[in-house]
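Colleague: Have a peek at protein-v2.tsv (TSV, C-alpha atoms (C1' of nucleotides)).
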chain	number	residue	atom	x	y	z
A	382	MET	CA	25.94	19.43	-14.88
A	383	LYS	CA	23.71	22.43	-15.50
A	384	ASP	CA	20.13	22.19	-14.31
A	385	SER	CA	18.72	22.01	-17.81
A	386	GLN	CA	20.97	19.10	-18.76
A	387	TYR	CA	19.45	16.72	-16.22
A	388	ALA	CA	16.15	16.50	-18.07
A	389	GLU	CA	17.85	16.32	-21.45
A	390	VAL	CA	20.13	13.46	-20.45
A	391	LEU	CA	17.45	11.54	-18.62
A	392	LEU	CA	14.78	11.79	-21.32
A	393	ALA	CA	17.27	10.43	-23.83
A	394	TRP	CA	17.98	7.55	-21.48
A	395	TYR	CA	14.25	7.05	-20.92
A	396	ASP	CA	13.48	6.84	-24.62
A	397	ALA	CA	16.21	4.27	-25.07
A	398	ASN	CA	15.28	2.15	-22.05
A	399	LYS	CA	11.54	2.65	-21.69
A	400	ARG	CA	9.69	-0.01	-19.78
A	401	ALA	CA	6.27	-0.92	-21.08
A	402	LEU	CA	3.82	-0.56	-18.22
A	403	PRO	CA	0.06	-0.98	-18.54
A	404	TRP	CA	-0.69	2.54	-17.33
A	405	ARG	CA	2.14	4.24	-19.19
A	406	MET	CA	1.39	6.44	-22.16
A	407	ASP	CA	3.70	8.52	-24.32
A	408	SER	CA	2.69	12.13	-23.83
A	409	ARG	CA	3.75	12.93	-27.37
A	410	VAL	CA	1.51	10.33	-28.97
A	411	GLY	CA	-2.02	9.88	-27.70
A	412	GLN	CA	-4.41	11.41	-25.23
A	413	VAL	CA	-3.59	10.66	-21.64
A	414	ASP	CA	-6.56	9.34	-19.70
A	415	VAL	CA	-6.56	11.07	-16.32
A	416	TYR	CA	-8.75	8.38	-14.83
A	417	ARG	CA	-6.27	5.65	-15.71
A	418	VAL	CA	-3.31	7.62	-14.45
A	419	TRP	CA	-5.17	8.34	-11.24
A	420	VAL	CA	-6.07	4.67	-10.59
A	421	SER	CA	-2.46	3.66	-11.24
A	422	GLU	CA	-1.05	6.33	-8.95
A	423	ILE	CA	-3.32	5.34	-6.08
A	424	MET	CA	-2.45	1.66	-6.53
A	425	LEU	CA	1.26	2.47	-6.70
A	426	GLN	CA	1.31	4.33	-3.38
A	427	GLN	CA	3.83	2.41	-1.27
A	428	THR	CA	3.36	-0.54	-3.60
A	429	THR	CA	5.76	-1.98	-6.13
A	430	VAL	CA	5.15	-1.96	-9.87
A	431	GLU	CA	5.21	-5.76	-10.02
A	432	THR	CA	2.47	-6.05	-7.41
A	433	VAL	CA	0.25	-3.46	-9.07
A	434	LYS	CA	0.46	-5.15	-12.46
A	435	GLY	CA	-1.73	-7.95	-11.18
A	436	TYR	CA	-4.48	-5.58	-10.08
A	437	TYR	CA	-4.49	-2.65	-12.47
A	438	GLY	CA	-5.74	-4.38	-15.61
A	439	ARG	CA	-8.60	-6.13	-13.90
A	440	PHE	CA	-9.69	-2.94	-12.15
A	441	ILE	CA	-9.62	-0.80	-15.30
A	442	GLU	CA	-11.47	-3.42	-17.26
A	443	ARG	CA	-14.19	-3.60	-14.63
A	444	TRP	CA	-14.55	0.19	-14.24
A	445	GLN	CA	-13.38	1.99	-17.37
A	446	THR	CA	-14.41	5.52	-16.43
A	447	VAL	CA	-14.74	7.62	-13.33
A	448	ASP	CA	-18.52	7.55	-13.79
A	449	ALA	CA	-18.54	3.78	-13.80
A	450	LEU	CA	-16.46	3.66	-10.64
A	451	ALA	CA	-18.68	6.23	-8.96
A	452	SER	CA	-21.66	3.95	-9.54
A	453	ALA	CA	-19.91	0.88	-8.16
A	454	GLU	CA	-20.68	-0.87	-4.90
A	455	ARG	CA	-18.07	-0.39	-2.21
A	456	ASP	CA	-17.90	-4.11	-1.50
A	457	GLU	CA	-17.09	-4.89	-5.12
A	458	VAL	CA	-14.34	-2.27	-5.16
A	459	LEU	CA	-12.88	-3.95	-2.07
A	460	LEU	CA	-13.21	-7.32	-3.79
A	461	PHE	CA	-10.95	-6.08	-6.58
A	462	TRP	CA	-8.56	-4.55	-4.05
A	463	GLN	CA	-8.22	-7.54	-1.73
A	464	GLY	CA	-4.62	-8.49	-1.08
A	465	LEU	CA	-3.23	-5.18	-2.31
A	466	GLY	CA	-3.13	-3.65	1.15
A	467	TYR	CA	-3.72	-0.15	2.54
A	468	TYR	CA	-7.44	-0.59	2.08
A	469	ARG	CA	-8.17	3.04	2.85
A	470	ARG	CA	-6.98	3.62	-0.70
A	471	ALA	CA	-9.87	1.58	-2.06
A	472	HIS	CA	-12.41	3.41	0.08
A	473	GLY	CA	-10.86	6.75	-0.93
A	474	LEU	CA	-10.72	5.86	-4.62
A	475	HIS	CA	-14.42	5.08	-4.63
A	476	GLU	CA	-15.32	8.15	-2.60
A	477	ALA	CA	-13.15	10.39	-4.78
A	478	ALA	CA	-14.83	9.05	-7.93
A	479	ARG	CA	-18.19	10.00	-6.49
A	480	LYS	CA	-16.90	13.46	-5.64
A	481	VAL	CA	-15.49	14.00	-9.13
A	482	VAL	CA	-18.91	13.13	-10.56
A	483	ALA	CA	-20.92	15.06	-8.00
A	484	GLU	CA	-18.76	18.15	-7.63
A	485	HIS	CA	-16.85	18.37	-10.93
A	486	LYS	CA	-19.38	16.95	-13.40
A	487	GLY	CA	-17.22	13.91	-13.95
A	488	VAL	CA	-14.19	15.91	-15.09
A	489	PHE	CA	-11.03	15.79	-12.98
A	490	PRO	CA	-9.93	19.20	-11.69
A	491	ARG	CA	-6.47	20.34	-12.78
A	492	ASP	CA	-5.37	22.52	-9.89
A	493	ASP	CA	-3.48	21.36	-6.84
A	494	ALA	CA	-6.00	22.49	-4.23
A	495	SER	CA	-8.97	20.80	-5.90
A	496	LEU	CA	-7.03	17.61	-6.50
A	497	ARG	CA	-5.87	17.45	-2.91
A	498	ALA	CA	-9.43	17.91	-1.71
A	499	LEU	CA	-10.11	14.43	-3.10
A	500	PRO	CA	-9.49	11.60	-0.64
A	501	GLY	CA	-6.27	9.73	-1.27
A	502	ILE	CA	-4.61	12.54	-3.21
A	503	GLY	CA	-1.78	14.24	-1.35
A	504	ALA	CA	1.22	16.29	-2.41
A	505	TYR	CA	2.82	13.50	-4.39
A	506	THR	CA	-0.23	12.22	-6.25
A	507	SER	CA	-1.44	15.72	-7.07
A	508	ALA	CA	1.93	16.56	-8.61
A	509	ALA	CA	2.08	13.22	-10.43
A	510	LEU	CA	-1.34	13.77	-11.98
A	511	ARG	CA	-0.54	17.33	-12.98
A	512	ALA	CA	2.74	16.29	-14.57
A	513	ILE	CA	1.69	13.02	-16.21
A	514	ALA	CA	-1.92	13.71	-17.10
A	515	PHE	CA	-1.90	17.49	-17.59
A	516	GLY	CA	1.67	18.22	-18.65
A	517	GLU	CA	2.27	20.77	-15.92
A	518	ALA	CA	5.96	21.41	-15.22
A	519	VAL	CA	6.07	19.98	-11.71
A	520	LEU	CA	8.08	17.12	-10.23
A	521	PRO	CA	6.31	14.69	-7.92
A	522	LEU	CA	8.57	13.64	-5.06
A	523	ASP	CA	8.20	9.95	-4.30
A	524	GLY	CA	10.61	7.65	-2.53
A	525	ASN	CA	12.64	7.00	-5.67
A	526	ILE	CA	12.98	10.62	-6.67
A	527	LYS	CA	13.83	11.76	-3.16
A	528	ARG	CA	16.60	9.19	-3.05
A	529	ILE	CA	17.98	10.34	-6.41
A	530	LEU	CA	17.88	14.01	-5.45
A	531	ALA	CA	19.47	13.28	-2.07
A	532	ARG	CA	22.33	11.55	-3.88
A	533	LEU	CA	22.73	14.21	-6.54
A	534	LEU	CA	23.12	16.74	-3.72
A	535	ALA	CA	24.82	14.39	-1.24
A	536	LEU	CA	22.45	15.60	1.44
A	537	ASN	CA	23.85	15.00	4.88
A	538	LYS	CA	20.58	15.07	6.77
A	539	PRO	CA	17.69	12.59	6.83
A	540	VAL	CA	15.49	13.09	3.75
A	541	GLU	CA	12.46	13.29	5.99
A	542	ARG	CA	13.70	16.68	7.13
A	543	GLU	CA	14.89	17.96	3.77
A	544	GLY	CA	11.55	18.43	2.07
A	545	ARG	CA	12.12	22.04	1.11
A	546	THR	CA	15.61	21.50	-0.23
A	547	LEU	CA	14.49	18.55	-2.34
A	548	GLU	CA	11.41	20.40	-3.54
A	549	ALA	CA	13.41	23.43	-4.62
A	550	PHE	CA	16.15	21.45	-6.31
A	551	GLY	CA	13.76	19.07	-8.02
A	552	GLN	CA	11.70	21.92	-9.34
A	553	ARG	CA	14.75	23.42	-11.03
A	554	LEU	CA	15.30	20.25	-13.04
A	555	VAL	CA	11.80	19.90	-14.51
A	556	PRO	CA	11.65	20.54	-18.25
A	557	ARG	CA	8.80	22.64	-19.64
A	558	GLN	CA	8.07	19.95	-22.19
A	559	ARG	CA	7.50	16.30	-21.27
A	560	SER	CA	7.33	16.90	-17.52
A	561	GLY	CA	5.30	13.71	-17.14
A	562	ASP	CA	7.85	11.64	-18.98
A	563	PHE	CA	10.58	13.24	-16.90
A	564	ALA	CA	8.83	12.24	-13.68
A	565	GLN	CA	8.39	8.67	-14.89
A	566	ALA	CA	11.96	8.59	-16.14
A	567	MET	CA	13.19	9.60	-12.70
A	568	MET	CA	11.13	6.83	-11.13
A	569	ASP	CA	12.51	4.31	-13.61
A	570	LEU	CA	16.01	5.49	-12.83
A	571	GLY	CA	15.34	4.93	-9.14
A	572	ALA	CA	13.80	1.53	-9.75
A	573	THR	CA	16.49	0.16	-12.05
A	574	ILE	CA	19.74	2.06	-11.48
A	575	CYS	CA	19.72	4.39	-8.51
A	576	LEU	CA	18.78	1.47	-6.25
A	577	PRO	CA	18.52	1.87	-2.48
A	578	ARG	CA	21.18	-0.70	-1.55
A	579	GLN	CA	23.55	-1.17	-4.44
A	580	PRO	CA	23.19	1.65	-6.95
A	581	ARG	CA	24.51	0.81	-10.41
A	582	CYS	CA	26.50	4.00	-10.80
A	583	GLY	CA	28.58	2.50	-13.60
A	584	ILE	CA	25.68	2.73	-16.04
A	585	CYS	CA	23.94	5.79	-14.59
A	586	PRO	CA	23.28	8.72	-16.94
A	587	TYR	CA	23.64	11.07	-13.97
A	588	GLN	CA	27.12	9.94	-13.03
A	589	LYS	CA	28.71	13.24	-13.96
A	590	GLY	CA	26.13	15.30	-12.12
A	591	CYS	CA	25.99	13.31	-8.88
A	592	LEU	CA	27.80	14.59	-5.83
A	593	ALA	CA	27.36	11.32	-3.95
A	594	TYR	CA	29.01	9.43	-6.79
A	595	ARG	CA	31.86	11.91	-6.91
A	596	LYS	CA	32.44	11.22	-3.23
A	597	ASN	CA	32.27	7.52	-4.04
A	598	LYS	CA	29.56	7.14	-1.41
A	599	ALA	CA	26.35	6.80	-3.39
A	600	SER	CA	25.03	3.90	-1.33
A	601	ALA	CA	25.46	5.93	1.88
A	602	TYR	CA	22.61	8.21	0.76
A	603	PRO	CA	19.93	9.01	1.54
A	604	TYR	CA	20.40	9.36	5.25
A	605	ARG	CA	17.52	7.88	7.17
A	606	ALA	CA	16.19	8.54	10.60
A	607	PRO	CA	16.49	5.39	12.73
A	608	LYS	CA	13.31	3.37	12.80
A	609	LYS	CA	11.48	1.89	15.71
A	610	GLU	CA	11.12	-1.69	16.68
A	611	ARG	CA	7.97	-3.45	15.56
A	612	PRO	CA	5.89	-4.69	18.51
A	613	HIS	CA	4.14	-8.06	18.67
A	614	ARG	CA	0.42	-8.61	19.19
A	615	TYR	CA	-1.59	-11.72	19.83
A	616	ALA	CA	-5.06	-12.89	18.85
A	617	VAL	CA	-7.25	-15.97	18.97
A	618	PHE	CA	-9.60	-16.31	15.99
A	619	PHE	CA	-12.91	-18.07	16.50
A	620	TRP	CA	-13.57	-20.50	13.69
A	621	ILE	CA	-17.30	-21.18	13.98
A	622	GLU	CA	-18.64	-23.89	11.73
A	623	ASN	CA	-22.32	-24.66	11.14
A	624	GLU	CA	-24.00	-27.97	10.35
A	625	HIS	CA	-23.26	-27.50	6.64
A	626	GLY	CA	-19.54	-27.05	7.22
A	627	ALA	CA	-19.62	-23.34	6.46
A	628	TYR	CA	-17.74	-20.91	8.68
A	629	TRP	CA	-18.70	-17.51	10.02
A	630	LEU	CA	-17.12	-14.25	8.83
A	631	GLU	CA	-17.88	-10.73	9.96
A	632	LYS	CA	-17.37	-7.39	8.32
A	633	ARG	CA	-14.75	-5.13	9.84
A	634	PRO	CA	-15.58	-1.47	10.56
A	635	GLU	CA	-15.40	0.98	7.65
A	636	LYS	CA	-12.37	2.72	9.15
A	637	GLY	CA	-9.10	1.50	10.57
A	638	LEU	CA	-7.17	-1.69	10.01
A	639	LEU	CA	-8.45	-3.89	7.15
A	640	ALA	CA	-11.47	-1.62	6.85
A	641	GLY	CA	-14.55	-3.20	5.35
A	642	LEU	CA	-13.01	-6.64	4.83
A	643	MET	CA	-14.44	-9.92	6.06
A	644	ILE	CA	-12.73	-11.72	8.93
A	645	CYS	CA	-13.31	-14.32	11.62
A	646	PRO	CA	-14.41	-12.95	14.97
A	647	SER	CA	-11.55	-12.84	17.44
A	648	THR	CA	-10.32	-11.79	20.81
A	649	PRO	CA	-8.81	-8.32	21.00
A	650	TRP	CA	-5.37	-8.17	19.42
A	651	ARG	CA	-3.45	-7.46	22.59
A	652	ASP	CA	0.27	-7.11	23.25
A	653	LYS	CA	0.44	-10.10	25.59
A	654	ALA	CA	0.11	-13.72	24.52
A	655	TRP	CA	-3.18	-15.43	25.36
A	656	GLY	CA	-3.09	-18.12	28.02
A	657	LYS	CA	-4.81	-21.46	28.32
A	658	ASN	CA	-8.31	-20.15	28.97
A	659	ASP	CA	-8.39	-16.35	29.21
A	660	TRP	CA	-9.44	-15.92	25.58
A	661	ARG	CA	-12.69	-17.82	26.19
A	662	ALA	CA	-14.29	-14.73	27.71
A	663	TYR	CA	-14.46	-13.25	24.20
A	664	GLY	CA	-16.15	-16.24	22.56
A	665	ASP	CA	-19.51	-17.88	23.01
A	666	LYS	CA	-19.40	-19.28	26.56
A	667	LYS	CA	-21.67	-22.20	25.68
A	668	GLN	CA	-19.38	-23.24	22.88
A	669	GLN	CA	-17.06	-26.22	23.14
A	670	TRP	CA	-13.87	-24.72	21.79
A	671	GLN	CA	-10.89	-26.75	20.64
A	672	MET	CA	-7.56	-25.24	19.70
A	673	VAL	CA	-6.34	-25.86	16.18
A	674	GLU	CA	-2.75	-27.07	16.06
A	675	GLY	CA	-0.08	-24.53	15.13
A	676	HIS	CA	-0.27	-20.78	14.70
A	677	ILE	CA	-0.10	-18.00	12.12
A	678	VAL	CA	2.28	-15.07	11.92
A	679	HIS	CA	1.36	-12.02	9.90
A	680	VAL	CA	3.41	-8.85	9.64
A	681	PHE	CA	1.68	-5.49	9.43
A	682	THR	CA	3.45	-2.17	9.03
A	683	HIS	CA	3.36	-1.34	12.71
A	684	PHE	CA	3.08	-4.68	14.48
A	685	THR	CA	3.50	-8.43	14.02
A	686	LEU	CA	0.42	-10.50	14.72
A	687	HIS	CA	0.61	-14.00	16.19
A	688	ALA	CA	-2.68	-15.83	15.89
A	689	THR	CA	-4.13	-19.15	16.90
A	690	ILE	CA	-7.49	-20.60	15.96
A	691	ALA	CA	-10.20	-21.90	18.27
A	692	TYR	CA	-12.60	-24.24	16.52
A	693	GLY	CA	-16.25	-24.70	17.48
A	694	ARG	CA	-19.52	-25.87	15.97
A	695	SER	CA	-22.69	-23.88	16.17
A	696	LYS	CA	-26.27	-24.68	15.32
A	697	ASP	CA	-27.49	-21.13	15.51
A	698	ARG	CA	-25.81	-18.29	13.68
A	699	ARG	CA	-24.86	-16.33	16.73
A	700	PRO	CA	-21.95	-14.01	16.07
A	701	THR	CA	-19.43	-13.69	18.84
A	702	SER	CA	-18.79	-10.00	18.49
A	703	LYS	CA	-20.71	-6.81	17.82
A	704	ALA	CA	-20.17	-6.71	14.08
A	705	THR	CA	-23.24	-5.56	12.22
A	706	GLU	CA	-22.79	-7.82	9.22
A	707	GLY	CA	-21.80	-11.43	8.96
A	708	VAL	CA	-22.06	-14.35	6.62
A	709	TRP	CA	-21.63	-18.11	6.49
A	710	VAL	CA	-18.98	-19.02	3.94
A	711	SER	CA	-18.47	-22.44	2.39
A	712	HIS	CA	-14.97	-23.50	1.52
A	713	GLY	CA	-14.45	-22.67	-2.13
A	714	LYS	CA	-16.79	-19.66	-2.05
A	715	GLU	CA	-14.20	-17.30	-0.61
A	716	LYS	CA	-13.80	-15.48	-3.89
A	717	ASP	CA	-17.17	-13.83	-3.38
A	718	TYR	CA	-15.81	-11.89	-0.41
A	719	ALA	CA	-13.07	-9.34	0.13
A	720	LEU	CA	-10.50	-10.98	2.38
A	721	SER	CA	-7.18	-9.73	3.66
A	722	THR	CA	-4.03	-11.75	3.22
A	723	LEU	CA	-4.15	-12.36	6.96
A	724	MET	CA	-7.58	-13.96	6.66
A	725	ARG	CA	-6.41	-16.06	3.73
A	726	LYS	CA	-3.61	-17.35	5.92
A	727	VAL	CA	-6.09	-18.24	8.66
A	728	ILE	CA	-8.31	-20.10	6.19
A	729	ALA	CA	-5.38	-21.93	4.64
A	730	HIS	CA	-4.08	-22.92	8.05
A	731	LYS	CA	-7.46	-24.18	9.22
A	732	TYR	CA	-7.99	-26.36	6.19
A	733	LYS	CA	-4.46	-27.66	6.30
A	734	GLN	CA	-4.93	-28.77	9.89
A	735	GLY	CA	-8.46	-30.09	9.47
A	736	ALA	CA	-10.82	-30.45	12.41
A	737	PRO	CA	-9.06	-30.93	15.74
B	247	DA	C1'	6.23	15.44	14.06
B	248	DA	C1'	4.71	10.97	14.76
B	249	DG	C1'	2.04	7.07	14.21
B	250	DG	C1'	-1.60	4.14	11.80
B	251	DC	C1'	-2.19	1.85	7.73
B	252	DG	C1'	-0.69	-4.11	4.06
B	253	DG	C1'	1.74	-6.80	1.63
B	254	DG	C1'	5.41	-8.46	-1.14
B	255	DG	C1'	10.08	-8.33	-3.32
B	256	DT	C1'	14.95	-8.34	-2.46
B	257	DA	C1'	19.80	-8.84	-0.77
C	263	DT	C1'	16.23	-10.83	8.79
C	264	DA	C1'	15.75	-5.96	7.50
C	265	DC	C1'	14.72	-2.64	4.24
C	266	DC	C1'	11.89	-0.41	1.06
C	267	DC	C1'	8.26	0.51	-2.12
C	268	DA	C1'	4.95	5.94	-7.73
C	269	DG	C1'	2.09	8.05	0.37
C	270	DC	C1'	-2.05	9.71	2.85
C	271	DC	C1'	-4.36	10.97	6.85
C	272	DT	C1'	-5.15	11.74	11.72
C	273	DT	C1'	-3.53	13.13	16.05
Taking this structure as input, can you express it in the form of structure tokens?

Modeller:
Amino acid sequence: MKDSQYAEVLLAWYDANKRALPWRMDSRVGQVDVYRVWVSEIMLQQTTVETVKGYYGRFIERWQTVDALASAERDEVLLFWQGLGYYRRAHGLHEAARKVVAEHKGVFPRDDASLRALPGIGAYTSAALRAIAFGEAVLPLDGNIKRILARLLALNKPVEREGRTLEAFGQRLVPRQRSGDFAQAMMDLGATICLPRQPRCGICPYQKGCLAYRKNKASAYPYRAPKKERPHRYAVFFWIENEHGAYWLEKRPEKGLLAGLMICPSTPWRDKAWGKNDWRAYGDKKQQWQMVEGHIVHVFTHFTLHATIAYGRSKDRRPTSKATEGVWVSHGKEKDYALSTLMRKVIAHKYKQGAP
DNA sequence: AAGGCGGGGTA
DNA sequence: TACCCAGCCTT
């Protein structure tokens, strides 16, 4: 296939098979709202369409413009983000909104450098915004599109090291018109046909122009660098209950893992399992701790956490760690606080087991 | 270049 | 179980 045919063929396929997504707009019909595209792109970073659907509508309804988001409280932004993961995105989204208002008078910049100066916007998101929201003839390279390009070319090296080749080839395929639709069409192709494991080459519009298919080895691409083993870490959470049956949560630091979310105090999350008594050094020494039956397993990107719960009652509201903020939470009032999925598992486990 | 950073869907 | 997802940022 000639370079120019790829866009032609794919846009025809896209128009015939278009998926209705809450953030998707036809560039030929109405005005594209940069703010909405931006929120969707941040949410979709390393996150599947199905997962984002449950968050996007609520978020947009709560904050309909970049000005509204800029005026929001960080804690409320986190509340709407809880469970979605990669919480730095929520912090960055809020911070970027404030920068757009403060430094660009509330109007999103259109050039790559200015976009990438906003937190959370890198090479991909900048290109996606320029293509989808501004109609610039660029192709954002996400996981889907890299996989497609690697197959079209039958690249024999790991995609992680083929950035320039993919960039150059992808750029040649971008149409001058409808570049945003082309980008979204490519992503749809990757999500529905050019699948990672079992690509559906039989119904693929790129069959004729795909070198991997011609070699009958589509599923062998893209080549991946071998990945490392995920280590295990261990923690004991301190479930401190007061005389009203409420339990104590503390706010995590503004940076790092689960930034800004509420969580039970705990021992350090170390790479060795905790013994019978060694964890007690990290809790209130005067406390009578009792272990809750069972344990929790939670998988993060770079380690698996194994956690147990130590239960204790407290009359005073003494926190067990150095967190600056904490709060007593009654069961049923959790929705007022931004909690990670890990913390939700801890809470569910505690209430399932009851008091020891 | 490598590692930190969540959580869920899928085969 | 293992892989991957509309990546970004720091080191």

Colleague: Should the cut-off be 9 Å, what would the residue list for chain A against chain C look like, counting all atoms listed in the file, as a PyMOL selection string?

Modeller: chain A and resi 421-430+470+500-506+509+521-525+565+568+577-578

Colleague: Go ahead and write the residues just picked, C-alpha atoms, as a PDB file, in the frame of the given file.

Modeller:
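Contents of result29.pdb, as written:
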ATOM      1  CA  SER A 421      -2.460   3.660 -11.240  1.00  0.00           C
ATOM      2  CA  GLU A 422      -1.050   6.330  -8.950  1.00  0.00           C
ATOM      3  CA  ILE A 423      -3.320   5.340  -6.080  1.00  0.00           C
ATOM      4  CA  MET A 424      -2.450   1.660  -6.530  1.00  0.00           C
ATOM      5  CA  LEU A 425       1.260   2.470  -6.700  1.00  0.00           C
ATOM      6  CA  GLN A 426       1.310   4.330  -3.380  1.00  0.00           C
ATOM      7  CA  GLN A 427       3.830   2.410  -1.270  1.00  0.00           C
ATOM      8  CA  THR A 428       3.360  -0.540  -3.600  1.00  0.00           C
ATOM      9  CA  THR A 429       5.760  -1.980  -6.130  1.00  0.00           C
ATOM     10  CA  VAL A 430       5.150  -1.960  -9.870  1.00  0.00           C
ATOM     11  CA  ARG A 470      -6.980   3.620  -0.700  1.00  0.00           C
ATOM     12  CA  PRO A 500      -9.490  11.600  -0.640  1.00  0.00           C
ATOM     13  CA  GLY A 501      -6.270   9.730  -1.270  1.00  0.00           C
ATOM     14  CA  ILE A 502      -4.610  12.540  -3.210  1.00  0.00           C
ATOM     15  CA  GLY A 503      -1.780  14.240  -1.350  1.00  0.00           C
ATOM     16  CA  ALA A 504       1.220  16.290  -2.410  1.00  0.00           C
ATOM     17  CA  TYR A 505       2.820  13.500  -4.390  1.00  0.00           C
ATOM     18  CA  THR A 506      -0.230  12.220  -6.250  1.00  0.00           C
ATOM     19  CA  ALA A 509       2.080  13.220 -10.430  1.00  0.00           C
ATOM     20  CA  PRO A 521       6.310  14.690  -7.920  1.00  0.00           C
ATOM     21  CA  LEU A 522       8.570  13.640  -5.060  1.00  0.00           C
ATOM     22  CA  ASP A 523       8.200   9.950  -4.300  1.00  0.00           C
ATOM     23  CA  GLY A 524      10.610   7.650  -2.530  1.00  0.00           C
ATOM     24  CA  ASN A 525      12.640   7.000  -5.670  1.00  0.00           C
ATOM     25  CA  GLN A 565       8.390   8.670 -14.890  1.00  0.00           C
ATOM     26  CA  MET A 568      11.130   6.830 -11.130  1.00  0.00           C
ATOM     27  CA  PRO A 577      18.520   1.870  -2.480  1.00  0.00           C
ATOM     28  CA  ARG A 578      21.180  -0.700  -1.550  1.00  0.00           C
TER      29      ARG A 578
END

Colleague: For chain A, which residues have at least one atom within 8 Å of chain B, if we go by all atoms listed in the file? Write them as a list in words, please.

Modeller: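 Applying the cut-off to the listed atoms yields Thr432, Gly464, Leu465, Gly466, Tyr467, Tyr468, Arg469, Gly637, Leu638, Phe681, Thr682, His683 and Thr722 of chain A.
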
Colleague: What does the structure give for the distance between CA of Tyr628 (chain A) and CA of Arg439 (chain A), in Å to one decimal?

Modeller: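 So the answer is 28.5 Å.
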
Colleague: Pick out the residues sitting within 6 Å of region 444-452 of chain A, and hand them over as a list in words; count all atoms listed in the file, and ignore anything fewer than 3 positions along from it in its own chain.

Modeller: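 Listing them by chain and then by number gives Ile441, Ala478 and Arg479 of chain A.
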
Colleague: Could you please determine the separation between CA of Glu706 (chain A) and CA of Ala616 (chain A) in Å, to one decimal place?

Modeller: 20.8 Å

Colleague: Can you tell me how far CA of Asn623 (chain A) sits from CA of Ala662 (chain A), in Å to one decimal?

Modeller: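 Distance between the two atoms: 20.9 Å.
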